[in-house]
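Reproduced below: coords05.cif, with mmCIF, C-alpha atoms.
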```cif
data_final
#
loop_
_atom_site.label_atom_id
_atom_site.label_comp_id
_atom_site.auth_asym_id
_atom_site.auth_seq_id
_atom_site.Cartn_x
_atom_site.Cartn_y
_atom_site.Cartn_z
CA MET A 220 158.19 26.06 -61.33
CA PRO A 221 161.81 25.87 -60.29
CA ILE A 222 164.01 23.35 -62.02
CA ASN A 223 165.64 21.05 -59.53
CA TYR A 224 168.33 18.42 -59.62
CA PRO A 225 167.04 14.86 -59.13
CA ASN A 226 168.00 15.09 -55.46
CA GLY A 227 165.80 18.11 -54.97
CA ASN A 228 168.58 20.69 -54.86
CA GLN A 229 167.92 23.83 -56.81
CA TYR A 230 169.41 24.18 -60.27
CA ASN A 231 170.90 27.64 -60.45
CA ILE A 232 170.43 28.95 -63.99
CA LYS A 233 172.12 32.28 -63.21
CA ASN A 234 175.34 30.59 -62.17
CA LYS A 235 175.22 28.19 -65.08
CA SER A 236 174.94 30.90 -67.73
CA SER A 237 177.63 33.14 -66.33
CA LYS A 238 181.28 32.40 -66.99
CA SER A 239 182.60 34.35 -64.05
CA ILE A 240 180.63 32.54 -61.40
CA VAL A 241 181.14 32.76 -57.69
CA ARG A 242 181.04 29.17 -56.63
CA THR A 243 179.58 28.28 -53.30
CA VAL A 244 181.51 25.08 -52.83
CA ASN A 245 179.32 22.48 -51.24
CA PHE A 246 180.64 19.04 -51.96
CA ALA A 247 177.65 17.35 -50.39
CA LYS A 248 175.22 18.61 -52.99
CA ARG A 249 175.85 16.04 -55.65
CA GLY A 250 172.75 13.97 -55.15
CA MET A 251 174.56 11.31 -53.18
CA THR A 252 173.00 9.49 -50.29
CA LEU A 253 174.91 9.28 -47.02
CA GLU A 254 175.70 5.65 -47.89
CA GLU A 255 177.18 6.69 -51.24
CA GLU A 256 179.18 9.45 -49.57
CA ILE A 257 180.66 6.98 -47.08
CA ASN A 258 181.34 4.40 -49.78
CA GLU A 259 183.12 7.00 -51.87
CA SER A 260 185.17 8.14 -48.89
CA ASN A 261 186.10 4.51 -48.19
CA ALA A 262 187.14 4.00 -51.83
CA TYR A 263 189.36 7.07 -51.53
CA TYR A 264 190.95 5.84 -48.30
CA ALA A 265 191.44 2.37 -49.84
CA ALA A 266 193.06 3.74 -53.00
CA ARG A 267 195.53 5.69 -50.87
CA GLY A 268 196.26 2.70 -48.64
CA GLN A 269 194.95 4.57 -45.60
CA ALA A 270 192.27 2.14 -44.46
CA VAL A 271 190.26 -0.88 -45.58
CA ILE A 272 186.61 -0.27 -44.76
CA HIS A 273 183.65 -1.78 -46.59
CA LYS A 274 179.90 -1.72 -46.41
CA LYS A 275 178.54 -5.19 -45.85
CA PRO A 276 176.12 -6.49 -48.47
CA THR A 277 172.45 -6.60 -47.52
CA PRO A 278 171.68 -10.17 -46.48
CA VAL A 279 169.01 -11.95 -48.51
CA GLN A 280 167.30 -15.29 -47.96
CA LEU A 281 167.38 -17.18 -51.24
CA VAL A 282 164.29 -19.22 -52.05
CA LYS A 283 164.52 -19.94 -55.76
CA VAL A 284 167.59 -19.75 -57.97
CA ASP A 285 167.65 -20.73 -61.64
CA TYR A 286 170.87 -22.00 -63.18
CA PRO A 287 170.39 -21.60 -66.91
CA LYS A 288 172.93 -23.31 -69.18
CA ARG A 289 175.68 -21.05 -70.45
CA SER A 290 174.62 -18.02 -68.41
CA ALA A 291 174.73 -16.65 -64.91
CA ALA A 292 172.53 -17.93 -62.11
CA VAL A 293 169.32 -15.92 -61.72
CA ILE A 294 167.75 -15.38 -58.32
CA LYS A 295 164.01 -15.71 -58.93
CA GLU A 296 162.71 -15.47 -55.38
CA ALA A 297 164.42 -14.07 -52.32
CA TYR A 298 163.65 -11.97 -49.26
CA PHE A 299 165.54 -9.36 -47.31
CA LYS A 300 166.85 -10.59 -43.98
CA THR A 301 167.50 -8.49 -40.90
CA PRO A 302 171.26 -8.03 -40.62
CA SER A 303 172.85 -9.20 -37.36
CA THR A 304 175.55 -6.55 -37.47
CA THR A 305 176.07 -2.92 -38.41
CA ASP A 306 176.62 -1.95 -42.04
CA TYR A 307 180.30 -1.00 -42.00
CA ASN A 308 183.51 -2.38 -40.60
CA GLY A 309 187.18 -2.55 -41.43
CA VAL A 310 190.72 -1.93 -40.32
CA TYR A 311 192.64 1.32 -39.87
CA LYS A 312 196.15 1.63 -38.39
CA GLY A 313 195.72 -1.72 -36.70
CA TYR A 314 192.38 -0.72 -35.18
CA TYR A 315 189.11 -2.49 -35.84
CA LEU A 316 186.44 0.04 -36.89
CA ASP A 317 182.72 -0.64 -36.72
CA PHE A 318 179.89 1.76 -37.41
CA ASP A 319 176.46 2.44 -38.79
CA ALA A 320 175.15 5.49 -40.62
CA LYS A 321 171.77 7.09 -39.99
CA GLU A 322 169.85 10.08 -41.28
CA THR A 323 167.05 12.22 -39.94
CA LYS A 324 165.00 15.10 -41.34
CA ASN A 325 164.64 16.51 -37.82
CA LYS A 326 166.44 19.73 -37.04
CA THR A 327 166.94 19.73 -33.30
CA SER A 328 167.38 16.11 -32.22
CA PHE A 329 168.17 12.64 -33.55
CA PRO A 330 165.42 10.05 -32.89
CA LEU A 331 166.71 6.80 -31.41
CA TYR A 332 164.21 4.69 -33.39
CA ASN A 333 166.65 4.97 -36.28
CA PHE A 334 168.72 2.35 -34.47
CA HIS A 335 167.82 -1.26 -33.95
CA GLU A 336 168.48 -3.41 -30.91
CA HIS A 337 170.75 -5.82 -32.84
CA GLN A 338 172.91 -2.94 -34.10
CA ILE A 339 173.40 -1.56 -30.59
CA ASN A 340 174.17 -5.05 -29.25
CA HIS A 341 176.68 -5.61 -32.03
CA LEU A 342 178.39 -2.27 -31.33
CA LYS A 343 178.51 -3.10 -27.61
CA ALA A 344 180.14 -6.48 -28.32
CA CYS A 345 182.69 -4.88 -30.67
CA LEU A 346 183.52 -2.15 -28.16
CA LYS A 347 184.09 -4.83 -25.51
CA GLN A 348 186.62 -6.46 -27.87
CA GLY A 349 188.55 -3.20 -28.17
CA GLY A 350 187.08 -2.03 -31.45
CA ILE A 351 186.53 1.63 -32.30
CA CYS A 352 182.79 1.99 -32.62
CA PHE A 353 180.63 4.92 -33.60
CA ALA A 354 177.68 6.17 -35.60
CA PHE A 355 177.36 8.65 -38.43
CA LEU A 356 174.41 10.91 -37.68
CA LYS A 357 173.27 13.08 -40.56
CA PHE A 358 170.77 15.89 -40.24
CA THR A 359 169.65 16.05 -43.85
CA SER A 360 167.64 19.28 -43.50
CA LEU A 361 170.63 21.03 -41.95
CA ASN A 362 173.16 19.21 -44.15
CA GLN A 363 175.22 18.48 -41.05
CA ILE A 364 177.01 15.24 -40.23
CA TYR A 365 178.37 14.12 -36.89
CA LEU A 366 180.34 11.15 -35.75
CA LEU A 367 179.14 10.05 -32.32
CA PRO A 368 181.23 7.58 -30.28
CA ALA A 369 179.24 4.41 -29.57
CA SER A 370 179.77 4.71 -25.82
CA LYS A 371 177.77 7.99 -25.89
CA LEU A 372 175.08 6.46 -28.09
CA PHE A 373 174.65 3.64 -25.53
CA GLU A 374 174.04 6.15 -22.73
CA TYR A 375 171.04 7.57 -24.58
CA TRP A 376 169.86 4.20 -25.87
CA ASP A 377 169.97 2.54 -22.43
CA HIS A 378 168.02 5.36 -20.79
CA GLN A 379 165.31 5.95 -23.35
CA ASP A 380 162.65 4.05 -21.37
CA SER A 381 162.90 6.52 -18.53
CA GLY A 382 163.63 9.59 -20.57
CA ARG A 383 164.14 11.10 -23.99
CA LYS A 384 163.72 8.96 -27.09
CA SER A 385 166.13 11.13 -29.04
CA ILE A 386 169.51 12.79 -28.71
CA LYS A 387 169.50 16.59 -28.73
CA LEU A 388 171.58 18.16 -31.49
CA ALA A 389 173.26 20.27 -28.80
CA ASP A 390 174.42 17.05 -27.07
CA ILE A 391 175.64 15.57 -30.35
CA LYS A 392 177.64 18.75 -30.95
CA LYS A 393 179.07 18.44 -27.44
CA PHE A 394 179.95 14.74 -27.43
CA GLY A 395 180.42 14.03 -31.12
CA TYR A 396 182.70 15.21 -33.90
CA SER A 397 181.39 17.51 -36.59
CA LEU A 398 182.33 16.37 -40.09
CA SER A 399 182.65 18.84 -42.96
CA TYR A 400 182.22 17.86 -46.57
CA GLN A 401 185.28 18.30 -48.72
CA PHE A 402 186.43 17.30 -52.18
CA ASN A 403 188.32 14.11 -51.39
CA PRO A 404 187.40 12.19 -49.38
CA VAL A 405 183.86 13.54 -49.40
CA ILE A 406 183.56 12.91 -45.66
CA PRO A 407 187.01 12.95 -44.03
CA TYR A 408 185.83 10.90 -41.08
CA LEU A 409 189.17 9.25 -40.29
CA ASP A 410 190.25 12.64 -38.90
CA ALA A 411 187.54 12.26 -36.28
CA VAL A 412 188.57 8.63 -35.72
CA ASP A 413 192.11 9.86 -35.05
CA LYS A 414 190.73 12.15 -32.36
CA MET A 415 188.75 9.27 -30.85
CA ILE A 416 191.94 7.18 -30.73
CA GLU A 417 193.87 10.11 -29.21
CA ASN A 418 191.24 10.66 -26.54
CA SER A 419 190.56 6.94 -26.06
CA ILE A 420 186.85 7.62 -26.45
CA HIS A 421 184.99 5.12 -28.58
CA MET B 79 172.87 -51.87 -48.52
CA PRO B 80 174.39 -49.87 -45.71
CA ILE B 81 172.22 -47.28 -44.05
CA ASN B 82 173.89 -43.89 -44.13
CA TYR B 83 173.27 -40.51 -42.55
CA PRO B 84 172.13 -37.82 -45.01
CA ASN B 85 175.71 -36.56 -45.22
CA GLY B 86 176.92 -39.97 -46.41
CA ASN B 87 178.52 -41.02 -43.14
CA GLN B 88 177.84 -44.58 -42.10
CA TYR B 89 175.14 -45.23 -39.57
CA ASN B 90 176.62 -47.66 -37.08
CA ILE B 91 173.84 -49.98 -35.92
CA LYS B 92 176.16 -51.92 -33.61
CA ASN B 93 177.10 -48.82 -31.64
CA LYS B 94 173.51 -47.61 -31.55
CA SER B 95 172.13 -50.81 -30.08
CA SER B 96 174.83 -51.27 -27.47
CA LYS B 97 174.75 -49.30 -24.26
CA SER B 98 178.44 -49.67 -23.46
CA ILE B 99 179.78 -48.18 -26.64
CA VAL B 100 183.31 -47.14 -27.39
CA ARG B 101 182.85 -43.81 -29.05
CA THR B 102 185.25 -42.69 -31.69
CA VAL B 103 184.74 -39.00 -31.14
CA ASN B 104 184.85 -37.12 -34.40
CA PHE B 105 183.07 -33.84 -34.04
CA ALA B 106 183.53 -32.97 -37.70
CA LYS B 107 181.27 -35.74 -38.95
CA ARG B 108 177.98 -34.01 -38.51
CA GLY B 109 177.32 -33.19 -42.12
CA MET B 110 178.35 -29.57 -41.71
CA THR B 111 180.18 -27.68 -44.40
CA LEU B 112 183.35 -25.80 -43.49
CA GLU B 113 181.34 -22.58 -43.62
CA GLU B 114 178.79 -23.96 -41.16
CA GLU B 115 181.58 -25.17 -38.88
CA ILE B 116 183.17 -21.72 -38.85
CA ASN B 117 179.82 -19.99 -38.34
CA GLU B 118 179.05 -22.28 -35.41
CA SER B 119 182.47 -21.63 -33.90
CA ASN B 120 181.92 -17.89 -34.31
CA ALA B 121 178.51 -18.14 -32.62
CA TYR B 122 180.16 -19.95 -29.71
CA TYR B 123 182.90 -17.32 -29.40
CA ALA B 124 180.29 -14.54 -29.62
CA ALA B 125 178.07 -16.10 -26.96
CA ARG B 126 181.04 -16.29 -24.59
CA GLY B 127 182.11 -12.72 -25.35
CA GLN B 128 185.44 -13.95 -26.73
CA ALA B 129 185.27 -12.44 -30.22
CA VAL B 130 182.89 -10.82 -32.70
CA ILE B 131 183.42 -12.46 -36.10
CA HIS B 132 180.81 -12.74 -38.82
CA LYS B 133 180.54 -14.11 -42.31
CA LYS B 134 179.63 -11.37 -44.76
CA PRO B 135 176.44 -11.88 -46.74
CA THR B 136 176.81 -12.83 -50.40
CA PRO B 137 176.38 -9.64 -52.42
CA VAL B 138 173.54 -9.64 -54.93
CA GLN B 139 172.63 -7.17 -57.63
CA LEU B 140 168.93 -6.44 -57.34
CA VAL B 141 167.06 -5.99 -60.62
CA LYS B 142 163.41 -6.38 -59.71
CA VAL B 143 161.82 -6.11 -56.29
CA ASP B 144 158.07 -6.31 -55.65
CA TYR B 145 156.59 -4.48 -52.68
CA PRO B 146 153.22 -6.11 -52.10
CA LYS B 147 150.83 -4.35 -49.73
CA ARG B 148 150.79 -5.73 -46.22
CA SER B 149 153.64 -8.17 -46.77
CA ALA B 150 157.39 -8.32 -47.11
CA ALA B 151 159.25 -7.15 -50.19
CA VAL B 152 159.95 -9.97 -52.64
CA ILE B 153 163.09 -10.00 -54.75
CA LYS B 154 161.95 -11.25 -58.16
CA GLU B 155 165.13 -10.88 -60.15
CA ALA B 156 168.69 -10.59 -58.89
CA TYR B 157 172.18 -11.81 -59.70
CA PHE B 158 175.16 -12.84 -57.65
CA LYS B 159 177.94 -10.28 -57.59
CA THR B 160 181.64 -10.97 -57.12
CA PRO B 161 182.53 -9.94 -53.58
CA SER B 162 185.30 -7.37 -53.24
CA THR B 163 186.50 -8.75 -49.93
CA THR B 164 187.02 -12.04 -48.13
CA ASP B 165 184.09 -13.78 -46.47
CA TYR B 166 184.92 -13.27 -42.80
CA ASN B 167 186.10 -10.47 -40.57
CA GLY B 168 185.74 -9.23 -37.05
CA VAL B 169 187.42 -8.16 -33.85
CA TYR B 170 189.26 -10.20 -31.22
CA LYS B 171 191.16 -8.75 -28.25
CA GLY B 172 191.47 -5.43 -30.06
CA TYR B 173 192.82 -7.07 -33.21
CA TYR B 174 191.16 -6.91 -36.61
CA LEU B 175 190.76 -10.42 -38.04
CA ASP B 176 190.22 -11.14 -41.72
CA PHE B 177 190.10 -14.49 -43.46
CA ASP B 178 188.66 -16.74 -46.07
CA ALA B 179 187.91 -20.46 -45.95
CA LYS B 180 188.65 -22.91 -48.75
CA GLU B 181 188.30 -26.63 -49.30
CA THR B 182 189.98 -29.17 -51.57
CA LYS B 183 189.49 -32.86 -52.26
CA ASN B 184 193.21 -33.19 -53.03
CA LYS B 185 195.32 -35.13 -50.58
CA THR B 186 198.84 -33.84 -51.04
CA SER B 187 198.56 -30.16 -51.96
CA PHE B 188 196.19 -27.20 -51.95
CA PRO B 189 195.50 -25.71 -55.42
CA LEU B 190 195.83 -21.93 -55.56
CA TYR B 191 192.95 -21.58 -58.03
CA ASN B 192 190.68 -21.78 -54.99
CA PHE B 193 191.65 -18.19 -54.29
CA HIS B 194 190.71 -15.17 -56.34
CA GLU B 195 192.84 -12.13 -57.09
CA HIS B 196 190.46 -9.76 -55.26
CA GLN B 197 190.60 -11.90 -52.10
CA ILE B 198 194.39 -11.88 -52.09
CA ASN B 199 194.47 -8.13 -52.73
CA HIS B 200 192.01 -7.54 -49.92
CA LEU B 201 194.08 -9.66 -47.50
CA LYS B 202 197.22 -7.77 -48.54
CA ALA B 203 195.54 -4.41 -47.88
CA CYS B 204 194.27 -5.58 -44.49
CA LEU B 205 197.67 -6.96 -43.50
CA LYS B 206 199.22 -3.61 -44.41
CA GLN B 207 196.77 -1.94 -41.99
CA GLY B 208 197.91 -4.20 -39.17
CA GLY B 209 195.12 -6.75 -39.38
CA ILE B 210 195.60 -10.43 -38.59
CA CYS B 211 194.97 -12.20 -41.87
CA PHE B 212 194.87 -15.87 -42.74
CA ALA B 213 193.10 -18.64 -44.62
CA PHE B 214 191.35 -21.79 -43.48
CA LEU B 215 192.51 -24.64 -45.72
CA LYS B 216 190.49 -27.83 -45.42
CA PHE B 217 191.50 -31.12 -46.96
CA THR B 218 188.09 -32.76 -47.07
CA SER B 219 189.33 -36.22 -48.05
CA LEU B 220 191.77 -36.22 -45.14
CA ASN B 221 189.40 -34.36 -42.82
CA GLN B 222 192.24 -32.04 -41.89
CA ILE B 223 192.06 -28.28 -41.40
CA TYR B 224 194.90 -25.79 -41.27
CA LEU B 225 195.11 -22.11 -40.65
CA LEU B 226 197.72 -20.54 -42.91
CA PRO B 227 198.96 -17.00 -42.20
CA ALA B 228 198.22 -14.72 -45.17
CA SER B 229 201.87 -13.67 -45.49
CA LYS B 230 202.74 -17.31 -46.32
CA LEU B 231 199.84 -17.60 -48.73
CA PHE B 232 201.10 -14.50 -50.59
CA GLU B 233 204.54 -16.11 -51.08
CA TYR B 234 202.97 -19.00 -52.98
CA TRP B 235 200.40 -16.84 -54.78
CA ASP B 236 202.99 -14.32 -55.98
CA HIS B 237 205.30 -17.01 -57.34
CA GLN B 238 202.81 -19.28 -59.07
CA ASP B 239 203.62 -17.98 -62.55
CA SER B 240 207.17 -19.23 -62.28
CA GLY B 241 206.50 -22.28 -60.21
CA ARG B 242 203.94 -24.44 -58.44
CA LYS B 243 200.25 -23.65 -58.72
CA SER B 244 199.54 -25.26 -55.38
CA ILE B 245 200.87 -25.40 -51.83
CA LYS B 246 202.23 -28.76 -50.69
CA LEU B 247 200.51 -30.22 -47.65
CA ALA B 248 203.97 -30.66 -46.12
CA ASP B 249 204.54 -26.90 -46.43
CA ILE B 250 201.12 -26.12 -44.95
CA LYS B 251 201.96 -28.37 -42.00
CA LYS B 252 205.25 -26.54 -41.62
CA PHE B 253 204.04 -22.93 -41.93
CA GLY B 254 200.42 -23.25 -40.82
CA TYR B 255 198.58 -24.27 -37.69
CA SER B 256 196.77 -27.60 -37.57
CA LEU B 257 193.24 -27.30 -36.19
CA SER B 258 191.54 -30.21 -34.44
CA TYR B 259 187.79 -30.56 -34.26
CA GLN B 260 186.34 -30.49 -30.78
CA PHE B 261 182.94 -30.23 -29.17
CA ASN B 262 182.74 -26.50 -28.60
CA PRO B 263 183.77 -24.52 -30.51
CA VAL B 264 183.81 -27.03 -33.37
CA ILE B 265 186.99 -25.46 -34.75
CA PRO B 266 188.93 -23.75 -31.94
CA TYR B 267 190.78 -21.49 -34.34
CA LEU B 268 191.32 -18.58 -31.96
CA ASP B 269 193.96 -20.77 -30.27
CA ALA B 270 195.90 -20.63 -33.53
CA VAL B 271 195.23 -16.88 -33.79
CA ASP B 272 196.73 -16.48 -30.31
CA LYS B 273 199.87 -18.20 -31.56
CA MET B 274 199.98 -15.93 -34.62
CA ILE B 275 199.74 -12.89 -32.32
CA GLU B 276 202.43 -14.32 -30.02
CA ASN B 277 204.78 -14.97 -32.92
CA SER B 278 203.78 -11.78 -34.79
CA ILE B 279 203.22 -13.88 -37.91
CA HIS B 280 200.11 -12.98 -39.85
#
```
As structure tokens, the full file:
Amino acid sequence: MPINYPNGNQYNIKNKSSKSIVRTVNFAKRGMTLEEEINESNAYYAARGQAVIHKKPTPVQLVKVDYPKRSAAVIKEAYFKTPSTTDYNGVYKGYYLDFDAKETKNKTSFPLYNFHEHQINHLKACLKQGGICFAFLKFTSLNQIYLLPASKLFEYWDHQDSGRKSIKLADIKKFGYSLSYQFNPVIPYLDAVDKMIENSIH
Amino acid sequence: MPINYPNGNQYNIKNKSSKSIVRTVNFAKRGMTLEEEINESNAYYAARGQAVIHKKPTPVQLVKVDYPKRSAAVIKEAYFKTPSTTDYNGVYKGYYLDFDAKETKNKTSFPLYNFHEHQINHLKACLKQGGICFAFLKFTSLNQIYLLPASKLFEYWDHQDSGRKSIKLADIKKFGYSLSYQFNPVIPYLDAVDKMIENSIH
């Protein structure tokens, strides 16, 4: 039985025991979820004063909250609510940024059911206001991440009734920006945002 | 004993029974909190396609969540977390907007303890990125609301150790924008934002 890291990646005993190892640098393989990778990238950008981008908290409907004396309030009953927006937004070089991040195990296309109507509507409204809107699309099996401008996402979303219910990887490669993992920030996605701004494609 | 509305406002029987009433229009007196007033204004702006501005959900730290079969997940134990940002942000005419909303019962000055260090730091970071940042200051006893540009707020915040721990109402009137309640939106604050953009004062 192979010994694996908690995230399922293989633990390489040979490399571990040798002092003169040849490192295959793959910054993604640290057991982080896409959300954690984005949060860490945002923390890096924030610390360097490059951008202020945060993940919004998950909205919950509070039903019962206890306020014990001399200690913090305890939520005893609450339910998850459907968010009315995307998960991330912020400001970069005077631009409003808005995006969501999605993952698939598929290898050749990205299924549109990963998105919800309210997220698409929110992105459309933000784009109309001049925001820079996009989606992170991660192919977990391939360990590939793309940033797809929202305007492209809408084209596929709006035509799914009459056609494909997914976006081909080939199309994502064509219309999106490939993001490579690196040390810091883990996902240097503002480079792709710069290109979107340059090309006026959001 | 006078009969009052649930929010404590007086129920005027004379006006109610007469058909030719002289209405003193005061749109604020509907028992709404400042947060509800802002949310309603944002919903109005969103419906008209004028801006996309949302209140961020309150962050909670989940400790115990039950996932019963065939029904929604129930949060059984959770705690409120300190937010790392302000409560509101969004996009308007291509501008990134960021603000917080505070209330006081005082009548002559606004105490700075209503603000927290992390909120000020967040506003400073957003301003540095070219965002339009400000605070709603409501004097509940006077039923007056002002929008104060963040840059002015910082001046008072940064000097409170050596001086006043509050901002005089007279100064708020001088450096801020007075907001009048109206029917729709309840608080027409984008008018003040337009003036901030015009004057390049955020």
Find the axis-aligned box for region 190-207 of chain B, covering all its listed atoms and adding 6 Å on each side, and write its centre and edge lengths in Å to one decimal as JSON.
```
{"center_x": 194.8, "center_y": -11.9, "center_z": -50.0, "size_x": 20.8, "size_y": 32.0, "size_z": 28.0}
```
(request) Using all atoms listed in the file, determine which residues of chain B fall within 6 Å of chain A; present them as an MDAnalysis selection string. (result) chainID B and resid 135 137 152:157 170:172 174 207:209
Selected residues, C-alpha atoms, written as a PDB file, keeping the file's coordinate frame, please.
```pdb
ATOM      1  CA  PRO B 135     176.440 -11.880 -46.740  1.00  0.00           C
ATOM      2  CA  PRO B 137     176.380  -9.640 -52.420  1.00  0.00           C
ATOM      3  CA  VAL B 152     159.950  -9.970 -52.640  1.00  0.00           C
ATOM      4  CA  ILE B 153     163.090 -10.000 -54.750  1.00  0.00           C
ATOM      5  CA  LYS B 154     161.950 -11.250 -58.160  1.00  0.00           C
ATOM      6  CA  GLU B 155     165.130 -10.880 -60.150  1.00  0.00           C
ATOM      7  CA  ALA B 156     168.690 -10.590 -58.890  1.00  0.00           C
ATOM      8  CA  TYR B 157     172.180 -11.810 -59.700  1.00  0.00           C
ATOM      9  CA  TYR B 170     189.260 -10.200 -31.220  1.00  0.00           C
ATOM     10  CA  LYS B 171     191.160  -8.750 -28.250  1.00  0.00           C
ATOM     11  CA  GLY B 172     191.470  -5.430 -30.060  1.00  0.00           C
ATOM     12  CA  TYR B 174     191.160  -6.910 -36.610  1.00  0.00           C
ATOM     13  CA  GLN B 207     196.770  -1.940 -41.990  1.00  0.00           C
ATOM     14  CA  GLY B 208     197.910  -4.200 -39.170  1.00  0.00           C
ATOM     15  CA  GLY B 209     195.120  -6.750 -39.380  1.00  0.00           C
TER      16      GLY B 209
END
```
(message) I need the output of the PyMOL selection byres ((chain B and resi 268) around 10) for this file as a PyMOL selection string; which residues are they?
(response) chain B and resi 119-120+123+128-129+170+257+263+265-267+269-274
(request) Starting from the displayed file, determine the output of the PyMOL selection byres ((chain B and resi 180) around 6) and express the residue list as a VMD selection string. (result) chain B and resid 179 181 215
(request) May I have the residues at most 10 Å from (181.3, -22.3, -43.3) in the file's coordinates, counting all atoms listed in the file, as a ChimeraX atom specification? (result) /B:110-119,133,165-166,178-180
(request) With the file shown as input, list the residues that the PyMOL selection byres ((chain A and resi 359-373) around 6) selects, as an NGL selection string. (result) :A and (324 or 352-358 or 374-377 or 395-398 or 421)
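Here CA of Phe334 (chain A) stands at a distance of 25.3 Å from CA of Asn418 (chain A).
Going from CA of Lys243 (chain B) to CA of Ser290 (chain A) covers 28.0 Å.
For the pair CA of Asn199 (chain B) and CA of His237 (chain B), the interatomic distance is 14.7 Å.
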(request) Kindly indicate which residue among A:Ser385, A:Ser419, A:Lys300, A:Ser399 lies nearest to Tyr332 (chain A), using all atoms listed in the file for the distances. (result) A:Ser385
